[in-house]
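Participant: My structure is in model-v7.txt, and what it holds is compact mmCIF, C-alpha atoms:
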# COMPACT_ATOMS: atom_id res chain seq x y z
CA MET A 1 0.00 0.00 0.00
CA ARG A 2 2.82 2.38 0.87
CA ASP A 3 4.21 2.49 -2.65
CA LYS A 4 0.86 3.38 -4.21
CA PRO A 5 0.86 6.89 -5.69
CA TRP A 6 -2.18 7.95 -3.69
CA TYR A 7 -0.67 6.94 -0.35
CA PRO A 8 1.21 10.22 0.41
CA VAL A 9 -1.86 12.27 -0.44
CA VAL A 10 -4.16 10.25 1.77
CA TYR A 11 -1.56 10.15 4.54
CA MET A 12 -1.12 13.93 4.49
CA PHE A 13 -4.86 14.42 4.41
CA VAL A 14 -5.51 12.13 7.36
CA ILE A 15 -2.77 13.65 9.48
CA THR A 16 -3.86 17.21 8.71
CA VAL A 17 -7.46 16.44 9.59
CA LEU A 18 -6.41 14.73 12.79
CA LEU A 19 -4.12 17.49 14.04
CA SER A 20 -6.50 20.27 12.97
CA ALA A 21 -9.36 18.57 14.79
CA LEU A 22 -7.27 18.43 17.95
CA LEU A 23 -6.34 22.09 17.63
CA ILE A 24 -9.89 23.21 16.98
CA GLY A 25 -11.05 21.31 20.02
CA PHE A 26 -8.30 22.80 22.13
CA SER A 27 -8.88 26.36 21.02
CA ARG A 28 -12.64 25.99 21.59
CA TYR A 29 -11.89 24.80 25.09
CA THR A 30 -9.74 27.86 25.87
CA ARG A 31 -11.62 30.44 23.80
CA ASP A 32 -13.75 31.78 26.63
CA LYS A 33 -10.72 32.14 28.83
CA ILE A 34 -8.80 34.06 26.19
CA GLU A 35 -11.76 36.37 25.55
CA VAL A 36 -12.05 37.09 29.25
CA ASN A 37 -8.30 37.84 29.39
CA VAL A 38 -8.54 40.28 26.51
CA GLN A 39 -11.56 42.03 27.99
CA MET A 40 -9.91 42.13 31.42
CA ALA A 41 -6.75 43.69 30.00
CA PHE A 42 -8.91 46.39 28.47
CA GLU A 43 -10.87 47.06 31.65
CA ARG A 44 -7.70 47.20 33.71
CA ALA A 45 -6.31 49.74 31.24
CA VAL A 46 -9.40 51.95 31.44
CA VAL A 47 -9.61 51.92 35.22
CA GLY A 48 -5.81 52.06 35.51
CA ALA A 49 -5.73 55.41 33.71
CA PHE A 50 -7.15 56.95 36.89
CA ILE A 51 -6.13 54.80 39.83
CA ASP A 52 -3.32 52.33 40.48
CA VAL A 53 -4.91 48.96 39.67
CA LYS A 54 -1.79 46.87 40.21
CA PRO A 55 -2.80 45.58 43.65
CA VAL A 56 -6.52 45.41 42.81
CA ALA A 57 -8.05 42.03 41.94
CA ASN A 58 -9.66 41.46 38.54
CA GLN A 59 -13.08 41.02 40.13
CA GLN A 60 -12.97 44.47 41.71
CA VAL A 61 -11.63 46.14 38.60
CA HIS A 62 -14.49 44.63 36.63
CA GLN A 63 -16.97 45.90 39.19
CA MET A 64 -15.55 49.42 39.03
CA PHE A 65 -15.52 49.33 35.26
CA THR A 66 -19.16 48.33 34.97
CA GLN A 67 -20.40 50.69 37.68
CA GLN A 68 -18.32 53.82 37.25
CA PHE A 69 -17.46 53.94 33.56
CA LYS A 70 -19.96 54.70 30.83
CA LEU A 71 -19.24 54.58 27.13
CA ASP A 72 -20.00 57.83 25.36
CA GLU A 73 -20.77 56.75 21.80
CA LYS A 74 -20.38 60.22 20.32
CA SER A 75 -16.84 60.92 21.50
CA LYS A 76 -15.87 57.22 21.64
CA SER A 77 -14.57 57.66 25.15
CA TYR A 78 -15.55 56.47 28.60
CA ILE A 79 -16.92 58.86 31.19
CA TYR A 80 -15.69 58.10 34.69
CA SER A 81 -18.13 59.21 37.35
CA LYS A 82 -18.45 58.53 41.03
CA ASP A 83 -21.50 59.43 43.16
CA GLY A 84 -23.02 61.29 40.22
CA GLN A 85 -19.97 63.48 39.71
CA VAL A 86 -17.74 63.29 36.68
CA GLN A 87 -14.21 62.35 37.72
CA GLY A 88 -12.64 62.15 34.31
CA TYR A 89 -12.62 60.79 30.79
CA ALA A 90 -10.89 57.71 29.41
CA VAL A 91 -9.90 58.28 25.79
CA PRO A 92 -8.77 55.17 23.88
CA PHE A 93 -6.03 55.50 21.29
CA ALA A 94 -4.81 52.90 18.84
CA GLY A 95 -2.68 52.50 15.75
CA GLN A 96 0.52 51.29 14.24
CA GLY A 97 3.59 51.37 16.47
CA PHE A 98 7.10 50.39 15.44
CA TRP A 99 6.34 46.67 15.07
CA ASP A 100 2.63 46.26 15.54
CA ASN A 101 -0.46 47.93 16.93
CA ILE A 102 -0.25 49.95 20.10
CA ARG A 103 -3.52 50.30 21.97
CA GLY A 104 -3.98 52.19 25.17
CA ILE A 105 -6.04 54.59 27.21
CA LEU A 106 -5.34 58.20 28.08
CA GLY A 107 -7.04 59.28 31.28
CA ILE A 108 -8.14 62.92 31.40
CA ALA A 109 -9.25 64.73 34.53
CA ALA A 110 -12.68 66.32 34.87
CA ASP A 111 -11.32 69.75 33.85
CA LYS A 112 -10.62 68.30 30.37
CA ARG A 113 -7.22 69.98 30.43
CA THR A 114 -5.08 67.72 32.58
CA VAL A 115 -3.88 64.18 31.92
CA SER A 116 -4.50 61.86 34.83
CA GLY A 117 -2.65 58.81 33.51
CA ILE A 118 -1.81 56.56 30.60
CA THR A 119 -2.11 52.78 30.21
CA PHE A 120 -1.53 50.27 27.46
CA TYR A 121 -3.40 47.05 26.85
CA GLU A 122 -1.72 46.00 23.66
CA GLN A 123 1.80 46.69 22.47
CA THR A 124 4.60 44.57 21.03
CA GLU A 125 7.40 47.10 20.78
CA THR A 126 11.04 46.06 21.16
CA PRO A 127 11.55 44.52 24.61
CA GLY A 128 13.92 46.66 26.66
CA LEU A 129 13.47 49.67 24.38
CA GLY A 130 10.11 50.64 22.89
CA ALA A 131 8.29 48.24 25.18
CA ARG A 132 9.39 50.40 28.08
CA ILE A 133 6.56 52.80 27.28
CA ASP A 134 4.55 50.32 29.34
CA GLU A 135 6.88 50.71 32.32
CA ASN A 136 6.26 52.94 35.25
CA ASP A 137 9.24 55.21 34.61
CA PHE A 138 7.65 56.37 31.39
CA LYS A 139 4.00 56.29 32.40
CA LYS A 140 4.47 58.17 35.67
CA GLN A 141 5.38 61.31 33.72
CA PHE A 142 1.86 61.67 32.37
CA PRO A 143 -0.30 62.54 35.40
CA GLY A 144 -0.43 66.33 35.59
CA VAL A 145 0.57 67.00 31.98
CA LYS A 146 -1.48 69.89 30.55
CA ILE A 147 -3.42 69.34 27.36
CA LYS A 148 -3.03 72.15 24.83
CA PRO A 149 -6.13 72.41 22.61
CA THR A 150 -4.07 72.73 19.43
CA ALA A 151 -3.24 70.32 16.62
CA LYS A 152 -0.58 68.83 18.89
CA PRO A 153 -2.07 68.68 22.37
CA ILE A 154 0.79 66.83 24.04
CA GLY A 155 4.39 66.16 23.08
CA ILE A 156 6.94 63.40 23.64
CA ARG A 157 10.41 64.96 23.52
CA PRO A 158 13.82 63.29 23.50
CA ALA A 159 15.36 62.81 26.92
CA ALA A 160 17.47 65.67 28.30
CA GLN A 161 15.47 68.30 26.41
CA GLN A 162 13.67 71.07 28.21
CA LEU A 163 10.00 70.32 28.61
CA SER A 164 7.03 72.63 28.65
CA ASP A 165 3.99 71.70 30.71
CA ASN A 166 2.36 69.65 27.93
CA GLU A 167 5.36 67.42 27.28
CA VAL A 168 7.03 64.27 28.59
CA HIS A 169 10.40 62.64 27.97
CA ALA A 170 10.63 59.78 25.47
CA VAL A 171 12.26 56.43 26.16
CA THR A 172 15.93 56.65 25.14
CA GLY A 173 16.72 54.54 22.10
CA ALA A 174 13.09 54.19 21.10
CA THR A 175 12.65 57.13 18.74
CA GLN A 176 10.34 55.33 16.31
CA THR A 177 8.03 54.11 19.05
CA SER A 178 7.94 57.56 20.62
CA VAL A 179 7.18 59.41 17.39
CA ARG A 180 4.36 57.03 16.53
CA LEU A 181 2.97 56.97 20.03
CA GLU A 182 2.89 60.77 20.10
CA LYS A 183 0.95 60.77 16.84
CA LEU A 184 -1.51 58.12 18.05
CA ILE A 185 -2.25 59.92 21.27
CA ASN A 186 -2.61 63.29 19.58
CA ASP A 187 -4.84 61.98 16.80
CA SER A 188 -7.43 60.68 19.20
CA LEU A 189 -6.94 63.58 21.60
CA VAL A 190 -7.67 66.15 18.87
CA ARG A 191 -10.80 64.23 17.90
CA TRP A 192 -11.89 64.02 21.50
CA LEU A 193 -11.25 67.71 22.19
CA GLU A 194 -13.34 68.59 19.16
CA SER A 195 -16.20 66.41 20.33
CA GLN A 196 -16.04 68.12 23.71
CA GLY A 197 -15.94 71.58 22.19
CA VAL A 198 -12.69 72.45 23.98
CA LYS A 199 -11.00 75.29 22.14
CA GLU A 200 -7.87 77.29 22.62
CA PRO A 201 -8.57 80.03 25.13
CA SER A 202 -8.74 83.34 23.25
CA SER A 203 -6.30 85.31 25.28
CA MET B 1 14.17 0.91 9.53
CA SER B 2 17.31 1.93 11.38
CA PRO B 3 19.92 -0.79 11.42
CA GLN B 4 22.49 1.17 13.44
CA PRO B 5 22.22 0.83 17.23
CA VAL B 6 20.55 3.64 19.16
CA LYS B 7 22.86 6.08 20.88
CA PRO B 8 22.97 5.62 24.68
CA ALA B 9 20.96 8.15 26.68
CA GLY B 10 24.05 9.62 28.32
CA ALA B 11 25.60 10.40 24.95
CA ILE B 12 22.35 11.98 23.71
CA ILE B 13 22.22 14.22 26.76
CA MET B 14 25.86 15.30 26.58
CA ASP B 15 25.69 15.89 22.83
CA GLY B 16 22.62 18.08 23.17
CA LEU B 17 24.03 20.07 26.04
CA TRP B 18 27.64 20.41 24.96
CA TYR B 19 29.38 18.41 22.21
CA ASP B 20 26.69 19.09 19.61
CA ASN B 21 25.19 22.16 21.23
CA PRO B 22 22.71 23.68 18.76
CA ILE B 23 23.99 27.23 19.23
CA PHE B 24 27.75 27.09 19.31
CA ARG B 25 28.38 23.79 17.51
CA GLN B 26 25.57 23.47 15.00
CA ILE B 27 24.96 27.26 14.80
CA LEU B 28 21.24 26.58 14.51
CA GLY B 29 18.35 28.61 15.80
CA ILE B 30 20.37 31.76 16.23
CA CYS B 31 17.61 33.90 14.74
CA SER B 32 15.65 33.66 17.96
CA THR B 33 18.89 33.98 19.90
CA LEU B 34 19.18 37.43 18.43
CA ALA B 35 15.55 38.35 18.81
CA VAL B 36 14.48 37.49 22.33
CA THR B 37 17.57 37.72 24.48
CA ASN B 38 17.43 41.23 25.86
CA VAL B 39 15.22 40.51 28.88
CA ILE B 40 15.81 37.31 30.88
CA LEU B 41 12.17 36.54 31.69
CA ASN B 42 11.10 36.61 28.04
CA THR B 43 14.07 34.45 27.13
CA ALA B 44 13.23 31.90 29.81
CA VAL B 45 9.66 31.48 28.61
CA MET B 46 10.84 31.27 25.02
CA CYS B 47 13.36 28.56 26.02
CA ILE B 48 10.77 26.50 27.89
CA SER B 49 8.41 26.75 24.93
CA LEU B 50 11.08 25.79 22.44
CA THR B 51 12.34 22.87 24.54
CA LEU B 52 8.84 21.44 24.92
CA VAL B 53 7.97 21.94 21.26
CA THR B 54 11.23 20.36 20.09
CA ALA B 55 10.95 17.37 22.40
CA LEU B 56 7.30 16.67 21.58
CA SER B 57 7.76 17.23 17.84
CA CYS B 58 10.72 14.84 17.74
CA TRP B 59 8.70 12.30 19.68
CA THR B 60 5.73 12.55 17.32
CA VAL B 61 7.87 12.52 14.19
CA SER B 62 9.61 9.43 15.53
CA ILE B 63 6.33 7.61 16.27
CA LEU B 64 5.10 8.27 12.75
CA ARG B 65 8.47 7.60 11.08
CA ASP B 66 7.59 4.12 9.77
CA TRP B 67 4.36 5.28 8.15
CA THR B 68 5.53 8.60 6.76
CA PRO B 69 6.43 8.45 3.07
CA ARG B 70 9.95 9.80 2.56
CA ASN B 71 9.03 12.31 -0.12
CA ILE B 72 6.54 14.20 2.03
CA ARG B 73 8.30 13.80 5.37
CA MET B 74 9.23 17.49 5.68
CA MET B 75 5.66 18.57 5.13
CA VAL B 76 4.56 16.21 7.86
CA GLN B 77 7.28 17.44 10.21
CA THR B 78 6.33 21.08 9.68
CA LEU B 79 2.70 20.23 10.32
CA ILE B 80 3.56 18.50 13.57
CA MET B 81 5.73 21.40 14.74
CA ALA B 82 3.04 23.91 13.84
CA PHE B 83 0.58 21.88 15.86
CA TYR B 84 2.68 22.08 19.02
CA VAL B 85 3.61 25.73 18.48
CA ILE B 86 -0.06 26.72 18.20
CA ILE B 87 -0.82 24.78 21.37
CA VAL B 88 1.93 26.67 23.24
CA ASP B 89 0.62 29.95 21.83
CA ILE B 90 -2.95 29.21 22.95
CA LEU B 91 -1.76 28.07 26.38
CA LEU B 92 0.14 31.32 26.91
CA LYS B 93 -2.79 33.42 25.68
CA ALA B 94 -5.18 31.64 27.99
CA TYR B 95 -3.12 31.24 31.14
CA TRP B 96 -0.34 33.84 30.95
CA PRO B 97 -1.68 36.73 28.86
CA GLU B 98 1.02 39.20 30.01
CA MET B 99 3.78 36.92 28.79
CA SER B 100 1.92 36.25 25.58
CA ARG B 101 1.82 40.01 25.07
CA ASN B 102 5.55 40.33 25.84
CA LEU B 103 6.66 37.66 23.43
CA GLY B 104 4.32 38.85 20.72
CA PRO B 105 5.02 37.19 17.39
CA TYR B 106 8.06 35.23 18.60
CA VAL B 107 6.09 32.26 19.92
CA GLY B 108 4.62 31.70 16.49
CA LEU B 109 8.10 31.98 15.03
CA ILE B 110 9.30 28.95 16.99
CA ILE B 111 8.11 26.96 14.02
CA THR B 112 10.80 28.52 11.85
CA ASN B 113 13.49 27.66 14.38
CA CYS B 114 16.11 25.60 12.61
CA ILE B 115 16.77 23.41 15.66
CA LEU B 116 13.32 21.87 15.30
CA MET B 117 13.70 20.77 11.71
CA GLY B 118 17.35 19.97 12.34
CA ARG B 119 16.66 17.51 15.14
CA CYS B 120 13.66 15.94 13.40
CA GLU B 121 15.73 15.34 10.26
CA ALA B 122 19.00 14.39 11.94
CA PHE B 123 17.69 12.20 14.71
CA ALA B 124 13.97 11.64 15.15
CA ILE B 125 13.28 10.39 11.61
CA SER B 126 15.59 7.38 12.14
CA ASN B 127 15.38 6.68 15.88
CA PRO B 128 12.75 5.31 18.29
CA PRO B 129 10.41 7.72 20.13
CA GLY B 130 12.08 7.55 23.57
CA PRO B 131 15.59 8.59 22.51
CA SER B 132 14.08 11.11 20.06
CA PHE B 133 12.21 12.82 22.85
CA LEU B 134 15.40 12.89 24.92
CA ASP B 135 17.39 14.26 22.00
CA GLY B 136 14.87 17.03 21.35
CA PHE B 137 14.61 17.88 25.01
CA PHE B 138 18.33 18.15 25.64
CA ASN B 139 19.00 20.03 22.44
CA GLY B 140 16.37 22.44 23.68
CA LEU B 141 18.15 22.69 27.01
CA GLY B 142 21.49 23.20 25.28
CA TYR B 143 19.93 26.04 23.34
CA SER B 144 18.33 27.43 26.49
CA SER B 145 21.55 27.48 28.49
CA ILE B 146 23.37 29.59 25.92
CA LEU B 147 20.35 31.85 25.39
CA LEU B 148 19.97 32.50 29.09
CA ALA B 149 23.67 33.30 29.41
CA ILE B 150 23.37 35.79 26.57
CA ALA B 151 20.18 37.28 28.02
CA ALA B 152 21.73 37.67 31.46
CA THR B 153 24.77 39.44 29.98
CA ARG B 154 22.64 41.75 27.88
CA GLU B 155 20.12 42.63 30.55
CA MET B 156 22.82 43.26 33.15
CA THR B 157 25.12 45.41 31.03
CA GLY B 158 22.35 47.12 29.11
CA MET B 159 19.76 47.78 31.77
CA GLY B 160 21.58 47.08 35.03
CA THR B 161 18.99 44.54 36.13
CA PHE B 162 18.62 40.79 36.51
CA LEU B 163 15.09 39.46 35.99
CA GLY B 164 13.97 43.04 36.46
CA TRP B 165 15.74 43.45 39.83
CA PRO B 166 18.54 46.01 40.07
CA VAL B 167 21.99 44.42 40.24
CA PRO B 168 24.54 46.02 42.58
CA PHE B 169 27.23 47.95 40.71
CA PHE B 170 25.55 47.54 37.29
CA SER B 171 22.57 49.62 38.36
CA GLY B 172 24.77 52.06 40.30
CA PRO B 173 26.15 55.41 39.19
CA TYR B 174 29.56 53.96 38.26
CA TRP B 175 28.14 51.82 35.50
CA ASP B 176 27.20 53.67 32.35
CA LYS B 177 24.43 51.50 30.92
CA TRP B 178 25.38 50.14 27.52
CA VAL B 179 22.16 50.86 25.66
CA ILE B 180 23.53 49.10 22.58
CA MET B 181 23.42 45.81 24.49
CA VAL B 182 19.61 45.75 24.64
CA MET B 183 19.36 46.81 21.02
CA PRO B 184 19.64 44.22 18.23
CA PRO B 185 23.39 44.80 17.56
CA GLY B 186 24.13 43.88 21.18
CA ALA B 187 22.90 40.38 20.47
CA PHE B 188 25.44 39.93 17.68
CA PHE B 189 28.34 40.95 19.89
CA THR B 190 27.22 38.81 22.80
CA LEU B 191 26.45 35.78 20.64
CA ALA B 192 29.81 36.00 18.89
CA CYS B 193 31.67 36.29 22.19
CA MET B 194 29.68 33.36 23.59
CA ILE B 195 30.50 31.14 20.60
CA TRP B 196 34.15 32.18 20.82
CA LEU B 197 34.26 31.39 24.53
CA CYS B 198 32.51 28.02 24.27
CA ARG B 199 34.56 26.92 21.28
CA SER B 200 37.80 27.87 23.04
CA ILE B 201 36.84 25.62 25.94
CA TRP B 202 35.55 22.96 23.58
CA THR B 203 38.71 22.62 21.49
CA LYS B 204 40.83 22.33 24.63
CA GLU B 205 38.83 19.31 25.74
CA LYS B 206 39.50 15.89 24.34
CA VAL B 207 36.50 15.18 22.15
CA PRO B 208 35.12 11.68 22.83
CA ALA B 209 35.31 9.32 19.88
CA GLN B 210 31.57 8.63 19.86
CA THR B 211 30.68 12.15 18.80
CA GLY B 212 33.44 12.59 16.28
CA GLY B 213 32.91 12.45 12.55
CA LYS B 214 29.36 13.62 12.44
Can the structure in the file be given as structure tokens, please?
Facilitator:
Amino acid sequence: MRDKPWYPVVYMFVITVLLSALLIGFSRYTRDKIEVNVQMAFERAVVGAFIDVKPVANQQVHQMFTQQFKLDEKSKSYIYSKDGQVQGYAVPFAGQGFWDNIRGILGIAADKRTVSGITFYEQTETPGLGARIDENDFKKQFPGVKIKPTAKPIGIRPAAQQLSDNEVHAVTGATQTSVRLEKLINDSLVRWLESQGVKEPSS
Amino acid sequence: MSPQPVKPAGAIIMDGLWYDNPIFRQILGICSTLAVTNVILNTAVMCISLTLVTALSCWTVSILRDWTPRNIRMMVQTLIMAFYVIIVDILLKAYWPEMSRNLGPYVGLIITNCILMGRCEAFAISNPPGPSFLDGFFNGLGYSSILLAIAATREMTGMGTFLGWPVPFFSGPYWDKWVIMVMPPGAFFTLACMIWLCRSIWTKEKVPAQTGGK
């Protein structure tokens, strides 16, 4: 049988079907778990743009997300409110980074002029370089940064340069990531500012 | 199918770890050596994944070796490897999402790792499942040991940390962090030095007859 011309074809077919069936079964079995993980990463990013969620359990983060954050369809952002009072706005940003998509959340305080934090839920930049945008040293610069209602609301400048109050320092050695990240954030920030009717103060 | 006697387990282990080490003897799989060695934790997970995939692929290829037609054997091997790689990828996504995010596309790229095909072709296709598993496993470990050494060097000199923890001296003010070490060129330097070092030791040793003339 093994020297028949059809044998390799049938063999390949059988083995492909067998392995694919196993894989499909396995991925079905884990699909729910993966979906929950993806959703959880997103919720942690949204809530994390305002408070430190590192020590908070997933369950609690989920509870806060569902109770205190409301999606505003028009501006495509989440409104964070507590006891009926608006605490801030979570503005998602997404787009091409150096290697692949970067997705994250920019938290904005209730005054619509101050950044309250930044988080990422998807990024595959170079480990040790671009990927350090997701480290605390970089992210901790954002709270308190002023948003300028211009075409370039915030800036990411090379390290060691003088900063104005709407700028932060980039990660050294990750110029490409920084340039793209700056563009991503500003693109969605400009759109959001427009939707909120925030304009440059005429002074 | 294989008339020659099977290599003893001890020889398989030593060959994989040292005498036929995939990195500095066979110079296989160095693409991932260059790509994922700047942070130790990522490297460790990559090594575990690769070791398991190699061992299990070799085992499966070996089980099927008497039924697999010779002319399509590479297709079958690639299919088997892809199967295990996807399983590892799904496992990481489901149970360790942060790591899955860190490693990004590299888990999927295990399938292109030359060690896998190399071991399947050189050993598993003509040896019984047990020794094949052992051969794959210890080649994976041989690869891992060198990769971890490179990763430790790069992370320490480039970022001043070990597994994310600051290392005395290297994280201090007297050590100017070598940024180039965590960038891709740093991998070339470190890998070359590592191969140089290991080969210097290797040639000084008396090479056992059993591994000669491969």
Participant: What's around segment 71-85 of chain A at 7 Å? Count all atoms listed in the file, leave out sequence neighbours fewer than 6 positions away in its own chain, and write the answer as a list in words.
Facilitator: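 After dropping sequence-adjacent residues, the list is Val91, Pro92, Trp192 and Ser195 of chain A.
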Participant: If you take all atoms listed in the file and a cut-off of 10 Å, which residues of chain B touch chain A, and what are their nearest atom pairs and distances in Å to one decimal, in chain and number order, as a tab-separated table?
Facilitator:
residue	atom	partner	partner_atom	distance
B:Ala35	CA	A:Thr126	CA	9.2
B:Val36	CA	A:Pro127	CA	8.0
B:Thr37	CA	A:Pro127	CA	9.1
B:Asn38	CA	A:Gly128	CA	6.5
B:Val39	CA	A:Gly128	CA	6.7
B:Asn42	CA	A:Pro127	CA	8.6
B:Trp67	CA	A:Arg2	CA	8.0
B:Thr68	CA	A:Tyr11	CA	7.6
B:Pro69	CA	A:Pro8	CA	6.1
B:Arg70	CA	A:Pro8	CA	9.0
B:Asn71	CA	A:Pro8	CA	8.1
B:Ile72	CA	A:Pro8	CA	6.8
B:Arg73	CA	A:Pro8	CA	9.4
B:Met75	CA	A:Met12	CA	8.2
B:Val76	CA	A:Met12	CA	7.0
B:Leu79	CA	A:Thr16	CA	7.4
B:Ile80	CA	A:Leu19	CA	7.8
B:Ala82	CA	A:Leu19	CA	9.6
B:Phe83	CA	A:Leu19	CA	6.7
B:Tyr84	CA	A:Leu23	CA	9.1
B:Ile86	CA	A:Leu23	CA	7.8
B:Ile87	CA	A:Leu23	CA	7.2
B:Ile90	CA	A:Ser27	CA	6.9
B:Leu91	CA	A:Thr30	CA	8.0
B:Leu92	CA	A:Ile34	CA	9.4
B:Lys93	CA	A:Ile34	CA	6.1
B:Ala94	CA	A:Ile34	CA	4.7
B:Tyr95	CA	A:Lys33	CA	8.0
B:Trp96	CA	A:Asn37	CA	9.0
B:Pro97	CA	A:Asn37	CA	6.7
B:Glu98	CA	A:Ala41	CA	9.0
B:Ser100	CA	A:Thr124	CA	9.9
B:Arg101	CA	A:Thr124	CA	6.7
B:Asn102	CA	A:Thr124	CA	6.5
B:Leu103	CA	A:Thr124	CA	7.6
B:Gly104	CA	A:Thr124	CA	5.7
B:Pro105	CA	A:Thr124	CA	8.2
B:Glu155	CA	A:Gly128	CA	8.4
B:Gly158	CA	A:Gly128	CA	8.8
B:Met159	CA	A:Gly128	CA	7.8
B:Val179	CA	A:Gly173	CA	7.5
B:Ile180	CA	A:Gly173	CA	8.7
B:Met181	CA	A:Gly128	CA	9.8
B:Val182	CA	A:Gly128	CA	6.1
B:Met183	CA	A:Leu129	CA	7.4
B:Pro184	CA	A:Thr126	CA	9.3
Participant: Name all residues at most 12 Å from Asn166 of chain A (count only C-alpha atoms; drop same-chain ones fewer than 3 positions away) and give them as a PDB file with C-alpha atoms, keeping the file's coordinate frame.
Facilitator:
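Final file, selection-v1.pdb:
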ATOM      1  CA  ARG A 113      -7.220  69.980  30.430  1.00  0.00           C
ATOM      2  CA  THR A 114      -5.080  67.720  32.580  1.00  0.00           C
ATOM      3  CA  VAL A 115      -3.880  64.180  31.920  1.00  0.00           C
ATOM      4  CA  GLN A 141       5.380  61.310  33.720  1.00  0.00           C
ATOM      5  CA  PHE A 142       1.860  61.670  32.370  1.00  0.00           C
ATOM      6  CA  PRO A 143      -0.300  62.540  35.400  1.00  0.00           C
ATOM      7  CA  GLY A 144      -0.430  66.330  35.590  1.00  0.00           C
ATOM      8  CA  VAL A 145       0.570  67.000  31.980  1.00  0.00           C
ATOM      9  CA  LYS A 146      -1.480  69.890  30.550  1.00  0.00           C
ATOM     10  CA  ILE A 147      -3.420  69.340  27.360  1.00  0.00           C
ATOM     11  CA  LYS A 148      -3.030  72.150  24.830  1.00  0.00           C
ATOM     12  CA  PRO A 149      -6.130  72.410  22.610  1.00  0.00           C
ATOM     13  CA  THR A 150      -4.070  72.730  19.430  1.00  0.00           C
ATOM     14  CA  LYS A 152      -0.580  68.830  18.890  1.00  0.00           C
ATOM     15  CA  PRO A 153      -2.070  68.680  22.370  1.00  0.00           C
ATOM     16  CA  ILE A 154       0.790  66.830  24.040  1.00  0.00           C
ATOM     17  CA  GLY A 155       4.390  66.160  23.080  1.00  0.00           C
ATOM     18  CA  ILE A 156       6.940  63.400  23.640  1.00  0.00           C
ATOM     19  CA  ARG A 157      10.410  64.960  23.520  1.00  0.00           C
ATOM     20  CA  GLN A 162      13.670  71.070  28.210  1.00  0.00           C
ATOM     21  CA  LEU A 163      10.000  70.320  28.610  1.00  0.00           C
ATOM     22  CA  HIS A 169      10.400  62.640  27.970  1.00  0.00           C
ATOM     23  CA  GLU A 182       2.890  60.770  20.100  1.00  0.00           C
ATOM     24  CA  ASN A 186      -2.610  63.290  19.580  1.00  0.00           C
TER      25      ASN A 186
END
Participant: Please write as a list in words the list of polymer residues whose atoms come within 10 Å of (-7.3, 59.4, 28.4), counting only C-alpha atoms and keeping to the coordinates of the file.
Facilitator: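 Answer for this query, in the requested form: Val46, Ala49, Phe50, Ser77, Tyr78, Gly88, Tyr89, Ala90, Val91, Pro92, Phe93, Gly104, Ile105, Leu106, Gly107, Ile108, Ala109, Lys112, Thr114, Val115, Ser116, Gly117, Ile118, Thr119, Ile185, Ser188, Leu189 and Trp192 of chain A.
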Participant: Which distance in Å separates atom CA of Arg44 of chain A and atom CA of Asn58 of chain A, to one decimal?
Facilitator: 7.8 Å
Participant: May I ask for the distance between atom CA of Pro129 of chain B and atom CA of Ser62 of chain B, given in Å to one decimal place?
Facilitator: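 Rounded to one decimal, the two atoms are 5.0 Å apart.
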Participant: For the atom pair atom CA of Asp135 of chain B and atom CA of Thr190 of chain B, what is the interatomic distance in Å to one decimal place?
Facilitator: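 About the pair atom CA of Asp135 of chain B and atom CA of Thr190 of chain B: they are 26.5 Å apart.
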Participant: Of the candidates B:Gly164, B:Pro173, B:Gly140, B:Pro185, which shows the shortest atom-to-atom distance to Met46 of chain B, using all atoms listed in the file?
Facilitator: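 For Met46 of chain B, the nearest of the given residues is B:Gly140.
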Participant: Excluding Val85 of chain B and its own-chain neighbours fewer than 6 positions away, which residues fall within 7 Å of it when counting all atoms listed in the file? Please give them as a ChimeraX atom specification.
Facilitator: /B:53,108,110-111
Participant: Please provide as an MDAnalysis selection string all residues within 12 Å of Gln26 of chain B, with the sequence filter that same-chain residues fewer than 6 positions apart are discarded (counting only C-alpha atoms).
Facilitator: chainID B and resid 15:20 114:115 118:119 122 139 142:143 195 199 214
Participant: Skipping near chain neighbours, those fewer than 4 positions away, what residues fall within 9 Å of Leu148 of chain B using all atoms listed in the file, listed as a list in words?
Facilitator: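 Contacts, with the query itself left out: Thr37, Ile40, Thr43, Ala44, Cys47, Tyr143, Ser144, Ala152 and Thr153 of chain B.
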Participant: From the coordinates I just gave you, please extract segment 156-172 of chain A so that only C-alpha atoms remain, then output it as a JSON list (two decimals), in the first residue's frame.
Facilitator:
[["chain", "number", "residue", "atom", "x", "y", "z"],
["A", 156, "ILE", "CA", 6.94, 63.40, 23.64],
["A", 157, "ARG", "CA", 10.41, 64.96, 23.52],
["A", 158, "PRO", "CA", 13.82, 63.29, 23.50],
["A", 159, "ALA", "CA", 15.36, 62.81, 26.92],
["A", 160, "ALA", "CA", 17.47, 65.67, 28.30],
["A", 161, "GLN", "CA", 15.47, 68.30, 26.41],
["A", 162, "GLN", "CA", 13.67, 71.07, 28.21],
["A", 163, "LEU", "CA", 10.00, 70.32, 28.61],
["A", 164, "SER", "CA", 7.03, 72.63, 28.65],
["A", 165, "ASP", "CA", 3.99, 71.70, 30.71],
["A", 166, "ASN", "CA", 2.36, 69.65, 27.93],
["A", 167, "GLU", "CA", 5.36, 67.42, 27.28],
["A", 168, "VAL", "CA", 7.03, 64.27, 28.59],
["A", 169, "HIS", "CA", 10.40, 62.64, 27.97],
["A", 170, "ALA", "CA", 10.63, 59.78, 25.47],
["A", 171, "VAL", "CA", 12.26, 56.43, 26.16],
["A", 172, "THR", "CA", 15.93, 56.65, 25.14]]
